[in-house]
$ cat input.pdb   # PDB, C-alpha atoms
ATOM      1  CA  MET K   1     103.939 164.242 148.687
ATOM      2  CA  THR K   2     100.979 165.584 150.657
ATOM      3  CA  CYS K   3      97.491 166.361 149.446
ATOM      4  CA  HIS K   4      98.190 170.055 150.018
ATOM      5  CA  SER K   5     101.062 170.029 147.495
ATOM      6  CA  HIS K   6      98.690 168.772 144.811
ATOM      7  CA  LEU K   7      96.364 171.713 145.536
ATOM      8  CA  ALA K   8      99.105 174.346 145.604
ATOM      9  CA  HIS K   9      98.105 175.726 142.196
ATOM     10  CA  LEU K  10      94.607 176.531 143.535
ATOM     11  CA  SER K  11      93.664 179.693 145.346
ATOM     12  CA  LEU K  12      93.248 179.506 149.118
ATOM     13  CA  ASP K  13      89.476 179.811 148.698
ATOM     14  CA  ASP K  14      89.412 176.889 146.250
ATOM     15  CA  GLN K  15      91.639 174.816 148.517
ATOM     16  CA  GLN K  16      89.199 175.381 151.359
ATOM     17  CA  LEU K  17      86.286 174.423 149.123
ATOM     18  CA  PHE K  18      88.069 171.208 148.167
ATOM     19  CA  GLN K  19      88.664 170.366 151.817
ATOM     20  CA  SER K  20      85.030 171.145 152.681
ATOM     21  CA  PHE K  21      83.435 169.079 149.911
ATOM     22  CA  GLY K  22      86.143 166.452 149.383
ATOM     23  CA  PHE K  23      85.218 164.356 152.405
ATOM     24  CA  GLY K  24      81.827 162.777 152.917
ATOM     25  CA  GLU K  25      79.869 162.528 156.111
ATOM     26  CA  GLU K  26      80.840 159.740 158.483
ATOM     27  CA  ILE K  27      77.877 157.397 158.923
ATOM     28  CA  GLU K  28      77.683 154.802 161.684
ATOM     29  CA  PRO K  29      76.844 151.327 160.279
ATOM     30  CA  PRO K  30      73.399 150.130 161.387
ATOM     31  CA  PHE K  31      74.883 146.973 162.967
ATOM     32  CA  ARG K  32      78.071 146.690 164.998
ATOM     33  CA  CYS K  33      78.659 143.000 164.243
ATOM     34  CA  VAL K  34      77.626 140.658 161.439
ATOM     35  CA  HIS K  35      75.449 138.376 163.560
ATOM     36  CA  HIS K  36      73.601 141.431 164.894
ATOM     37  CA  ALA K  37      72.286 141.997 161.359
ATOM     38  CA  PHE K  38      71.066 138.407 161.265
ATOM     39  CA  GLU K  39      69.429 138.704 164.693
ATOM     40  CA  HIS K  40      67.603 141.834 163.514
ATOM     41  CA  HIS K  41      66.094 139.937 160.569
ATOM     42  CA  ALA K  42      65.254 136.943 162.763
ATOM     43  CA  LYS K  43      63.207 139.188 165.053
ATOM     44  CA  SER K  44      61.506 141.230 162.335
ATOM     45  CA  ALA K  45      60.699 138.374 159.918
ATOM     46  CA  PRO K  46      61.023 135.040 161.768
ATOM     47  CA  ASP K  47      58.996 133.049 159.233
ATOM     48  CA  ALA K  48      60.789 134.387 156.149
ATOM     49  CA  ILE K  49      63.119 132.046 154.274
ATOM     50  CA  ALA K  50      66.704 132.773 155.312
ATOM     51  CA  VAL K  51      68.564 130.206 153.195
ATOM     52  CA  GLU K  52      67.671 127.949 150.267
ATOM     53  CA  HIS K  53      69.920 125.222 148.920
ATOM     54  CA  LEU K  54      69.172 122.432 146.433
ATOM     55  CA  GLY K  55      65.462 122.449 147.190
ATOM     56  CA  ASP K  56      65.822 122.689 150.963
ATOM     57  CA  SER K  57      65.176 125.833 152.977
ATOM     58  CA  ILE K  58      65.293 127.176 156.514
ATOM     59  CA  THR K  59      63.497 130.140 158.074
ATOM     60  CA  TYR K  60      65.145 132.891 160.080
ATOM     61  CA  GLN K  61      63.513 131.550 163.242
ATOM     62  CA  GLN K  62      64.852 128.027 162.647
ATOM     63  CA  LEU K  63      68.293 129.373 161.803
ATOM     64  CA  ASP K  64      68.228 131.620 164.853
ATOM     65  CA  ARG K  65      67.315 128.779 167.204
ATOM     66  CA  GLY K  66      69.714 126.248 165.695
ATOM     67  CA  SER K  67      72.724 128.556 165.510
ATOM     68  CA  TYR K  68      72.183 129.865 169.054
ATOM     69  CA  ARG K  69      72.006 126.386 170.536
ATOM     70  CA  ILE K  70      75.203 125.312 168.770
ATOM     71  CA  ALA K  71      76.835 128.605 169.812
ATOM     72  CA  SER K  72      75.956 127.727 173.398
ATOM     73  CA  LEU K  73      77.554 124.316 172.888
ATOM     74  CA  LEU K  74      80.701 125.919 171.448
ATOM     75  CA  ARG K  75      80.907 128.428 174.299
ATOM     76  CA  GLN K  76      80.618 125.568 176.798
ATOM     77  CA  HIS K  77      83.642 123.978 175.079
ATOM     78  CA  GLY K  78      85.776 127.115 175.278
ATOM     79  CA  VAL K  79      85.053 129.034 172.069
ATOM     80  CA  HIS K  80      85.050 132.751 172.923
ATOM     81  CA  PRO K  81      86.088 136.107 171.401
ATOM     82  CA  GLY K  82      89.607 135.639 170.070
ATOM     83  CA  SER K  83      89.059 131.960 169.203
ATOM     84  CA  ARG K  84      89.350 130.736 165.642
ATOM     85  CA  VAL K  85      87.267 127.803 164.455
ATOM     86  CA  CYS K  86      88.049 126.022 161.210
ATOM     87  CA  LEU K  87      85.009 124.922 159.192
ATOM     88  CA  LEU K  88      85.746 121.847 157.072
ATOM     89  CA  MET K  89      82.650 121.283 154.979
ATOM     90  CA  GLU K  90      80.782 122.045 151.769
ATOM     91  CA  ARG K  91      78.234 124.748 150.972
ATOM     92  CA  SER K  92      74.955 123.769 152.580
ATOM     93  CA  ILE K  93      72.344 124.940 155.061
ATOM     94  CA  PRO K  94      74.214 123.224 157.933
ATOM     95  CA  MET K  95      77.302 125.227 156.935
ATOM     96  CA  ILE K  96      75.368 128.488 157.438
ATOM     97  CA  ILE K  97      74.190 127.243 160.831
ATOM     98  CA  ALA K  98      77.813 126.530 161.775
ATOM     99  CA  ILE K  99      79.051 129.932 160.569
ATOM    100  CA  LEU K 100      76.445 131.818 162.584
ATOM    101  CA  ALA K 101      77.071 129.603 165.612
ATOM    102  CA  VAL K 102      80.787 130.453 165.550
ATOM    103  CA  LEU K 103      80.079 134.182 165.200
ATOM    104  CA  ARG K 104      77.485 134.193 167.969
ATOM    105  CA  ALA K 105      79.868 132.334 170.280
ATOM    106  CA  GLY K 106      82.372 135.117 169.588
ATOM    107  CA  GLY K 107      84.718 133.101 167.399
ATOM    108  CA  GLN K 108      86.275 133.796 164.010
ATOM    109  CA  TYR K 109      85.613 131.160 161.372
ATOM    110  CA  VAL K 110      88.154 129.811 158.883
ATOM    111  CA  PRO K 111      86.222 128.204 155.990
ATOM    112  CA  LEU K 112      87.679 125.328 153.971
ATOM    113  CA  ASP K 113      85.914 123.190 151.359
ATOM    114  CA  GLY K 114      86.589 119.624 152.462
ATOM    115  CA  SER K 115      85.983 118.249 148.971
ATOM    116  CA  ILE K 116      88.607 120.530 147.389
ATOM    117  CA  VAL K 117      91.325 121.443 149.882
ATOM    118  CA  THR K 118      94.421 119.225 149.668
ATOM    119  CA  GLN K 119      95.747 117.513 152.756
ATOM    120  CA  SER K 120      98.970 119.523 152.678
ATOM    121  CA  THR K 121      97.033 122.808 152.469
ATOM    122  CA  LEU K 122      94.669 121.728 155.242
ATOM    123  CA  ASP K 123      97.579 120.780 157.505
ATOM    124  CA  PHE K 124      99.346 124.080 156.797
ATOM    125  CA  ILE K 125      96.258 126.200 157.509
ATOM    126  CA  LEU K 126      95.542 124.331 160.739
ATOM    127  CA  ARG K 127      99.080 125.145 161.877
ATOM    128  CA  ASP K 128      99.016 128.737 160.607
ATOM    129  CA  ALA K 129      95.534 129.747 161.826
ATOM    130  CA  SER K 130      95.862 127.843 165.127
ATOM    131  CA  PRO K 131      92.102 127.244 165.516
ATOM    132  CA  SER K 132      90.910 126.247 168.963
ATOM    133  CA  ALA K 133      88.539 123.741 167.340
ATOM    134  CA  VAL K 134      87.380 122.363 163.998
ATOM    135  CA  ILE K 135      83.769 121.883 162.942
ATOM    136  CA  SER K 136      83.644 119.236 160.239
ATOM    137  CA  LEU K 137      81.154 117.237 158.278
ATOM    138  CA  GLN K 138      81.357 113.576 159.247
ATOM    139  CA  ARG K 139      82.995 112.485 155.995
ATOM    140  CA  PHE K 140      85.905 114.918 156.372
ATOM    141  CA  ALA K 141      86.596 114.500 160.091
ATOM    142  CA  ASN K 142      89.283 111.833 159.633
ATOM    143  CA  ARG K 143      91.457 114.401 157.836
ATOM    144  CA  VAL K 144      91.983 116.389 161.039
ATOM    145  CA  SER K 145      94.423 115.471 163.800
ATOM    146  CA  GLY K 146      95.735 117.287 166.848
ATOM    147  CA  ARG K 147      92.673 119.552 167.193
ATOM    148  CA  PRO K 148      89.312 119.149 168.928
ATOM    149  CA  VAL K 149      86.783 118.217 166.235
ATOM    150  CA  PHE K 150      83.039 118.815 166.397
ATOM    151  CA  ILE K 151      81.102 116.649 163.938
ATOM    152  CA  LEU K 152      78.532 119.080 162.548
ATOM    153  CA  GLU K 153      75.804 116.481 162.082
ATOM    154  CA  ASP K 154      76.257 115.319 165.696
ATOM    155  CA  ALA K 155      76.335 118.908 167.013
ATOM    156  CA  ILE K 156      73.072 119.709 165.222
ATOM    157  CA  GLU K 157      71.472 116.554 166.644
ATOM    158  CA  VAL K 158      72.635 117.321 170.197
ATOM    159  CA  ALA K 159      71.534 120.973 169.944
ATOM    160  CA  SER K 160      68.136 119.877 168.617
ATOM    161  CA  SER K 161      67.552 117.511 171.519
ATOM    162  CA  SER K 162      64.760 118.579 173.840
ATOM    163  CA  ASP K 163      66.940 117.920 176.896
ATOM    164  CA  PHE K 164      69.887 120.005 175.679
ATOM    165  CA  ASP K 165      70.441 122.989 177.945
ATOM    166  CA  ALA K 166      71.244 125.985 175.722
ATOM    167  CA  ALA K 167      72.664 128.032 178.568
ATOM    168  CA  PRO K 168      72.436 131.814 178.037
ATOM    169  CA  PHE K 169      75.756 133.512 177.426
ATOM    170  CA  GLU K 170      76.930 137.085 177.045
ATOM    171  CA  ASP K 171      77.657 138.488 173.593
ATOM    172  CA  LEU K 172      81.222 139.765 174.000
ATOM    173  CA  THR K 173      81.923 140.415 170.322
ATOM    174  CA  THR K 174      82.964 143.934 169.268
ATOM    175  CA  PRO K 175      83.422 145.541 165.839
ATOM    176  CA  ASP K 176      87.160 144.927 166.239
ATOM    177  CA  SER K 177      86.672 141.191 166.833
ATOM    178  CA  GLY K 178      87.708 138.804 164.082
ATOM    179  CA  CYS K 179      84.868 137.706 161.797
ATOM    180  CA  TYR K 180      86.549 135.301 159.373
ATOM    181  CA  VAL K 181      89.900 134.396 157.845
ATOM    182  CA  ILE K 182      90.030 133.657 154.117
ATOM    183  CA  TYR K 183      93.084 131.840 152.750
ATOM    184  CA  THR K 184      94.441 132.085 149.219
ATOM    185  CA  SER K 185      94.770 128.879 147.237
ATOM    186  CA  GLY K 186      98.535 128.765 147.650
ATOM    187  CA  THR K 187      99.112 127.874 144.007
ATOM    188  CA  THR K 188     102.046 130.308 143.815
ATOM    189  CA  GLY K 189     103.444 129.408 147.243
ATOM    190  CA  LYS K 190     102.119 128.940 150.748
ATOM    191  CA  PRO K 191      98.470 129.952 151.349
ATOM    192  CA  LYS K 192      98.093 133.375 152.907
ATOM    193  CA  GLY K 193      95.296 134.260 155.300
ATOM    194  CA  VAL K 194      93.337 137.515 155.133
ATOM    195  CA  ASP K 195      92.094 138.505 158.595
ATOM    196  CA  VAL K 196      88.675 140.225 158.311
ATOM    197  CA  LEU K 197      87.073 142.022 161.260
ATOM    198  CA  HIS K 198      83.370 142.548 161.927
ATOM    199  CA  ARG K 199      83.704 146.285 161.265
ATOM    200  CA  ASN K 200      85.148 145.529 157.815
ATOM    201  CA  VAL K 201      82.007 143.606 156.880
ATOM    202  CA  THR K 202      79.335 145.751 158.541
ATOM    203  CA  ASN K 203      80.730 148.776 156.696
ATOM    204  CA  ARG K 204      79.444 147.274 153.455
ATOM    205  CA  GLU K 205      76.260 148.569 151.840
ATOM    206  CA  PRO K 206      73.580 147.473 152.062
ATOM    207  CA  ILE K 207      74.174 145.476 155.238
ATOM    208  CA  ASN K 208      70.566 144.243 155.214
ATOM    209  CA  ASN K 209      71.396 142.062 152.205
ATOM    210  CA  ALA K 210      75.073 141.517 152.866
ATOM    211  CA  PHE K 211      75.088 139.156 155.792
ATOM    212  CA  LEU K 212      75.179 136.040 153.567
ATOM    213  CA  SER K 213      76.901 137.540 150.534
ATOM    214  CA  PHE K 214      80.435 137.155 151.830
ATOM    215  CA  PHE K 215      80.265 133.432 152.687
TER     216      PHE K 215
END
$ encode --input "input.pdb" --output "structure tokens"
Amino acid sequence: MTCHSHLAHLSLDDQQLFQSFGFGEEIEPPFRCVHHAFEHHAKSAPDAIAVEHLGDSITYQQLDRGSYRIASLLRQHGVHPGSRVCLLMERSIPMIIAILAVLRAGGQYVPLDGSIVTQSTLDFILRDASPSAVISLQRFANRVSGRPVFILEDAIEVASSSDFDAAPFEDLTTPDSGCYVIYTSGTTGKPKGVDVLHRNVTNREPINNAFLSFF
């Protein structure tokens, strides 16, 4: 049944009024990709606190520098638009650094809580999502096999080194690039992944406050 059939009882003038006022104006989101929103804040308020967790904090400038350097490291190891990267960790400031690094490298992150996810679920998701790499906290790394694993603590240390060459790279991400994949718990069967694109997230309002709200 079409929309027009529902309006058939209205006069032609009223049908036209409904069509005229029934659809809002299309508005272009202010940012094309999620990490573009972050980069905007990093430039406009570099010394503002970006993330706080259990008494620790990090500024936008520190987060910008750290995530870019790790993104450069990931790009050097083959992470690019179309790549998926599994994140095996717990909520923390380093986790936010890793998420932004994956996005800035062009990848799509697949978050898993290493202290909660069962081994069978982890193994299934690694097969199903087919990530090109895994970024893991040190204490969870031994749970992963058959995939390249970046130890997050080591990656942060390498990227922070004064002699690390954070080679510039082109931002190839588009609004239709994958942003993240969220899996269901699988309690009623096999976990199912929801593939979310950048344009799905940047269409949220207000984007200025949304860039951390979906992690």
$ closest_residue --input "input.pdb" --among "K:His9, K:His40, K:Arg84, K:Arg75" --to "Ile182 (chain K)" --atoms "all atoms listed in the file"
K:Arg84
$ resolve_selection --input "input.pdb" --expression "the PyMOL selection byres ((chain K and resi 90-96) around 7)" --output "number ranges by chain"
K: 51, 53, 89, 97-100, 113-114
$ closest_residue --input "input.pdb" --among "K:Cys33, K:Ala133, K:Ala159, K:Ala8" --to "Leu172 (chain K)" --atoms "all atoms listed in the file"
K:Cys33
$ resolve_selection --input "input.pdb" --expression "the PyMOL selection byres ((chain K and resi 22-29) around 10)" --output "list of chain:residue names"
K:Gln16, K:Leu17, K:Phe18, K:Gln19, K:Ser20, K:Phe21, K:Pro30, K:Phe31, K:Arg32, K:Cys33, K:Arg199, K:Val201, K:Thr202, K:Asn203, K:Arg204, K:Glu205, K:Pro206, K:Ile207
$ write_last_selection --input "input.pdb" --atoms "C-alpha atoms" --output "PDB file, keeping the file's coordinate frame"
ATOM      1  CA  GLN K  16      89.199 175.381 151.359  1.00  0.00           C
ATOM      2  CA  LEU K  17      86.286 174.423 149.123  1.00  0.00           C
ATOM      3  CA  PHE K  18      88.069 171.208 148.167  1.00  0.00           C
ATOM      4  CA  GLN K  19      88.664 170.366 151.817  1.00  0.00           C
ATOM      5  CA  SER K  20      85.030 171.145 152.681  1.00  0.00           C
ATOM      6  CA  PHE K  21      83.435 169.079 149.911  1.00  0.00           C
ATOM      7  CA  PRO K  30      73.399 150.130 161.387  1.00  0.00           C
ATOM      8  CA  PHE K  31      74.883 146.973 162.967  1.00  0.00           C
ATOM      9  CA  ARG K  32      78.071 146.690 164.998  1.00  0.00           C
ATOM     10  CA  CYS K  33      78.659 143.000 164.243  1.00  0.00           C
ATOM     11  CA  ARG K 199      83.704 146.285 161.265  1.00  0.00           C
ATOM     12  CA  VAL K 201      82.007 143.606 156.880  1.00  0.00           C
ATOM     13  CA  THR K 202      79.335 145.751 158.541  1.00  0.00           C
ATOM     14  CA  ASN K 203      80.730 148.776 156.696  1.00  0.00           C
ATOM     15  CA  ARG K 204      79.444 147.274 153.455  1.00  0.00           C
ATOM     16  CA  GLU K 205      76.260 148.569 151.840  1.00  0.00           C
ATOM     17  CA  PRO K 206      73.580 147.473 152.062  1.00  0.00           C
ATOM     18  CA  ILE K 207      74.174 145.476 155.238  1.00  0.00           C
TER      19      ILE K 207
END
$ atom_distance --input "input.pdb" --atom1 "CA of Ser132 (chain K)" --atom2 "CA of Thr187 (chain K)"
26.3 Å
$ resolve_selection --input "input.pdb" --expression "the PyMOL selection byres ((chain K and resi 154-158) around 10)" --output "short mmCIF file (atom, residue, chain, number, x, y, z; two decimals) with C-alpha atoms, in the frame of the given file"
data_model
loop_
_atom_site.label_atom_id
_atom_site.label_comp_id
_atom_site.auth_asym_id
_atom_site.auth_seq_id
_atom_site.Cartn_x
_atom_site.Cartn_y
_atom_site.Cartn_z
CA GLY K 66 69.71 126.25 165.70
CA SER K 67 72.72 128.56 165.51
CA ARG K 69 72.01 126.39 170.54
CA ILE K 70 75.20 125.31 168.77
CA LEU K 73 77.55 124.32 172.89
CA LEU K 74 80.70 125.92 171.45
CA PRO K 94 74.21 123.22 157.93
CA ILE K 97 74.19 127.24 160.83
CA ALA K 98 77.81 126.53 161.78
CA ILE K 135 83.77 121.88 162.94
CA SER K 136 83.64 119.24 160.24
CA LEU K 137 81.15 117.24 158.28
CA GLN K 138 81.36 113.58 159.25
CA PHE K 150 83.04 118.82 166.40
CA ILE K 151 81.10 116.65 163.94
CA LEU K 152 78.53 119.08 162.55
CA GLU K 153 75.80 116.48 162.08
CA ALA K 159 71.53 120.97 169.94
CA SER K 160 68.14 119.88 168.62
CA SER K 161 67.55 117.51 171.52
CA SER K 162 64.76 118.58 173.84
CA ASP K 163 66.94 117.92 176.90
CA PHE K 164 69.89 120.00 175.68
CA ASP K 165 70.44 122.99 177.94
#
$ closest_residue --input "input.pdb" --among "K:Ala141, K:Val110, K:Leu12, K:Leu63" --to "Cys179 (chain K)" --atoms "only C-alpha atoms"
K:Val110
$ closest_residue --input "input.pdb" --among "K:Ser115, K:Arg104, K:Pro168, K:Cys86" --to "Arg147 (chain K)" --atoms "all atoms listed in the file"
K:Cys86
$ atom_distance --input "input.pdb" --atom1 "CA of Gln119 (chain K)" --atom2 "CA of Phe140 (chain K)"
10.8 Å
$ closest_residue --input "input.pdb" --among "K:Tyr68, K:Tyr183, K:Tyr109, K:Tyr60" --to "Pro46 (chain K)" --atoms "all atoms listed in the file"
K:Tyr60
$ atom_distance --input "input.pdb" --atom1 "CA of Ala71 (chain K)" --atom2 "CA of Val196 (chain K)"
20.2 Å
$ residues_around --input "input.pdb" --residues "Ser145 (chain K)" --least-positions-apart "4" --cutoff "10 Å" --atoms "only C-alpha atoms" --output "PyMOL selection string"
chain K and resi 123+126+134+141+149
$ closest_residue --input "input.pdb" --among "K:Phe124, K:Ser83, K:Gly107, K:Ala48" --to "Gly189 (chain K)" --atoms "all atoms listed in the file"
K:Phe124
$ residues_around --input "input.pdb" --residues "Ile125 (chain K)" --least-positions-apart "5" --cutoff "12 Å" --atoms "all atoms listed in the file" --output "list of chain:residue names"
K:Arg84, K:Val85, K:Cys86, K:Leu87, K:Leu88, K:Val110, K:Pro111, K:Leu112, K:Val117, K:Thr118, K:Gln119, K:Ser120, K:Ser130, K:Pro131, K:Val134, K:Val144, K:Val181, K:Ile182, K:Tyr183, K:Thr184, K:Ser185, K:Gly186, K:Lys190, K:Pro191, K:Lys192, K:Gly193, K:Val194
$ build_atoms --input "input.pdb" --residues "region 102-113 of chain K" --atoms "all heavy atoms" --output "PDB file, in the frame of the given file"
ATOM      1  N   VAL K 102      79.436 129.992 165.201  1.00  0.00           N
ATOM      2  CA  VAL K 102      80.787 130.453 165.550  1.00  0.00           C
ATOM      3  C   VAL K 102      80.774 131.946 165.856  1.00  0.00           C
ATOM      4  O   VAL K 102      81.327 132.399 166.864  1.00  0.00           O
ATOM      5  CB  VAL K 102      81.790 130.134 164.429  1.00  0.00           C
ATOM      6  CG1 VAL K 102      83.144 130.788 164.719  1.00  0.00           C
ATOM      7  CG2 VAL K 102      81.960 128.636 164.266  1.00  0.00           C
ATOM      8  N   LEU K 103      80.126 132.735 164.998  1.00  0.00           N
ATOM      9  CA  LEU K 103      80.079 134.182 165.200  1.00  0.00           C
ATOM     10  C   LEU K 103      79.352 134.538 166.494  1.00  0.00           C
ATOM     11  O   LEU K 103      79.788 135.422 167.236  1.00  0.00           O
ATOM     12  CB  LEU K 103      79.395 134.861 164.009  1.00  0.00           C
ATOM     13  CG  LEU K 103      80.124 134.777 162.663  1.00  0.00           C
ATOM     14  CD1 LEU K 103      79.312 135.495 161.593  1.00  0.00           C
ATOM     15  CD2 LEU K 103      81.523 135.356 162.757  1.00  0.00           C
ATOM     16  N   ARG K 104      78.266 133.871 166.773  1.00  0.00           N
ATOM     17  CA  ARG K 104      77.485 134.193 167.969  1.00  0.00           C
ATOM     18  C   ARG K 104      78.212 133.767 169.250  1.00  0.00           C
ATOM     19  O   ARG K 104      78.023 134.374 170.305  1.00  0.00           O
ATOM     20  CB  ARG K 104      76.098 133.553 167.884  1.00  0.00           C
ATOM     21  CG  ARG K 104      75.303 134.057 166.691  1.00  0.00           C
ATOM     22  CD  ARG K 104      73.943 133.430 166.584  1.00  0.00           C
ATOM     23  NE  ARG K 104      72.965 134.149 167.407  1.00  0.00           N
ATOM     24  CZ  ARG K 104      71.672 133.880 167.421  1.00  0.00           C
ATOM     25  NH1 ARG K 104      71.186 132.889 166.670  1.00  0.00           N
ATOM     26  NH2 ARG K 104      70.849 134.577 168.168  1.00  0.00           N
ATOM     27  N   ALA K 105      79.053 132.734 169.127  1.00  0.00           N
ATOM     28  CA  ALA K 105      79.868 132.334 170.280  1.00  0.00           C
ATOM     29  C   ALA K 105      81.028 133.301 170.499  1.00  0.00           C
ATOM     30  O   ALA K 105      81.655 133.274 171.550  1.00  0.00           O
ATOM     31  CB  ALA K 105      80.405 130.916 170.076  1.00  0.00           C
ATOM     32  N   GLY K 106      81.288 134.143 169.488  1.00  0.00           N
ATOM     33  CA  GLY K 106      82.372 135.117 169.588  1.00  0.00           C
ATOM     34  C   GLY K 106      83.595 134.742 168.796  1.00  0.00           C
ATOM     35  O   GLY K 106      84.589 135.473 168.791  1.00  0.00           O
ATOM     36  N   GLY K 107      83.554 133.582 168.127  1.00  0.00           N
ATOM     37  CA  GLY K 107      84.718 133.101 167.399  1.00  0.00           C
ATOM     38  C   GLY K 107      84.851 133.698 166.009  1.00  0.00           C
ATOM     39  O   GLY K 107      83.980 134.411 165.520  1.00  0.00           O
ATOM     40  N   GLN K 108      85.961 133.377 165.377  1.00  0.00           N
ATOM     41  CA  GLN K 108      86.275 133.796 164.010  1.00  0.00           C
ATOM     42  C   GLN K 108      86.402 132.529 163.177  1.00  0.00           C
ATOM     43  O   GLN K 108      87.219 131.657 163.473  1.00  0.00           O
ATOM     44  CB  GLN K 108      87.581 134.587 164.000  1.00  0.00           C
ATOM     45  CG  GLN K 108      88.006 135.098 162.627  1.00  0.00           C
ATOM     46  CD  GLN K 108      89.295 135.919 162.705  1.00  0.00           C
ATOM     47  OE1 GLN K 108      90.124 135.702 163.590  1.00  0.00           O
ATOM     48  NE2 GLN K 108      89.464 136.861 161.799  1.00  0.00           N
ATOM     49  N   TYR K 109      85.595 132.410 162.123  1.00  0.00           N
ATOM     50  CA  TYR K 109      85.613 131.160 161.372  1.00  0.00           C
ATOM     51  C   TYR K 109      86.627 131.188 160.230  1.00  0.00           C
ATOM     52  O   TYR K 109      86.919 132.227 159.643  1.00  0.00           O
ATOM     53  CB  TYR K 109      84.214 130.800 160.868  1.00  0.00           C
ATOM     54  CG  TYR K 109      83.639 131.669 159.768  1.00  0.00           C
ATOM     55  CD1 TYR K 109      83.815 131.355 158.428  1.00  0.00           C
ATOM     56  CD2 TYR K 109      82.877 132.800 160.075  1.00  0.00           C
ATOM     57  CE1 TYR K 109      83.265 132.133 157.419  1.00  0.00           C
ATOM     58  CE2 TYR K 109      82.319 133.576 159.078  1.00  0.00           C
ATOM     59  CZ  TYR K 109      82.531 133.237 157.749  1.00  0.00           C
ATOM     60  OH  TYR K 109      81.996 134.020 156.755  1.00  0.00           O
ATOM     61  N   VAL K 110      87.169 129.998 159.954  1.00  0.00           N
ATOM     62  CA  VAL K 110      88.154 129.811 158.883  1.00  0.00           C
ATOM     63  C   VAL K 110      87.572 128.755 157.943  1.00  0.00           C
ATOM     64  O   VAL K 110      87.656 127.561 158.221  1.00  0.00           O
ATOM     65  CB  VAL K 110      89.512 129.345 159.442  1.00  0.00           C
ATOM     66  CG1 VAL K 110      90.551 129.266 158.323  1.00  0.00           C
ATOM     67  CG2 VAL K 110      89.987 130.253 160.569  1.00  0.00           C
ATOM     68  N   PRO K 111      86.929 129.172 156.838  1.00  0.00           N
ATOM     69  CA  PRO K 111      86.222 128.204 155.990  1.00  0.00           C
ATOM     70  C   PRO K 111      87.145 127.472 155.010  1.00  0.00           C
ATOM     71  O   PRO K 111      88.003 128.073 154.365  1.00  0.00           O
ATOM     72  CB  PRO K 111      85.229 129.095 155.226  1.00  0.00           C
ATOM     73  CG  PRO K 111      85.936 130.417 155.107  1.00  0.00           C
ATOM     74  CD  PRO K 111      86.755 130.565 156.369  1.00  0.00           C
ATOM     75  N   LEU K 112      86.951 126.158 154.922  1.00  0.00           N
ATOM     76  CA  LEU K 112      87.679 125.328 153.971  1.00  0.00           C
ATOM     77  C   LEU K 112      86.707 124.324 153.366  1.00  0.00           C
ATOM     78  O   LEU K 112      85.917 123.709 154.091  1.00  0.00           O
ATOM     79  CB  LEU K 112      88.829 124.586 154.647  1.00  0.00           C
ATOM     80  CG  LEU K 112      89.987 125.441 155.179  1.00  0.00           C
ATOM     81  CD1 LEU K 112      90.934 124.586 156.008  1.00  0.00           C
ATOM     82  CD2 LEU K 112      90.723 126.109 154.041  1.00  0.00           C
ATOM     83  N   ASP K 113      86.769 124.158 152.053  1.00  0.00           N
ATOM     84  CA  ASP K 113      85.914 123.190 151.359  1.00  0.00           C
ATOM     85  C   ASP K 113      86.584 121.826 151.457  1.00  0.00           C
ATOM     86  O   ASP K 113      87.623 121.582 150.840  1.00  0.00           O
ATOM     87  CB  ASP K 113      85.728 123.601 149.901  1.00  0.00           C
ATOM     88  CG  ASP K 113      84.668 122.782 149.192  1.00  0.00           C
ATOM     89  OD1 ASP K 113      84.535 121.579 149.504  1.00  0.00           O
ATOM     90  OD2 ASP K 113      83.969 123.328 148.324  1.00  0.00           O
TER      91      ASP K 113
END
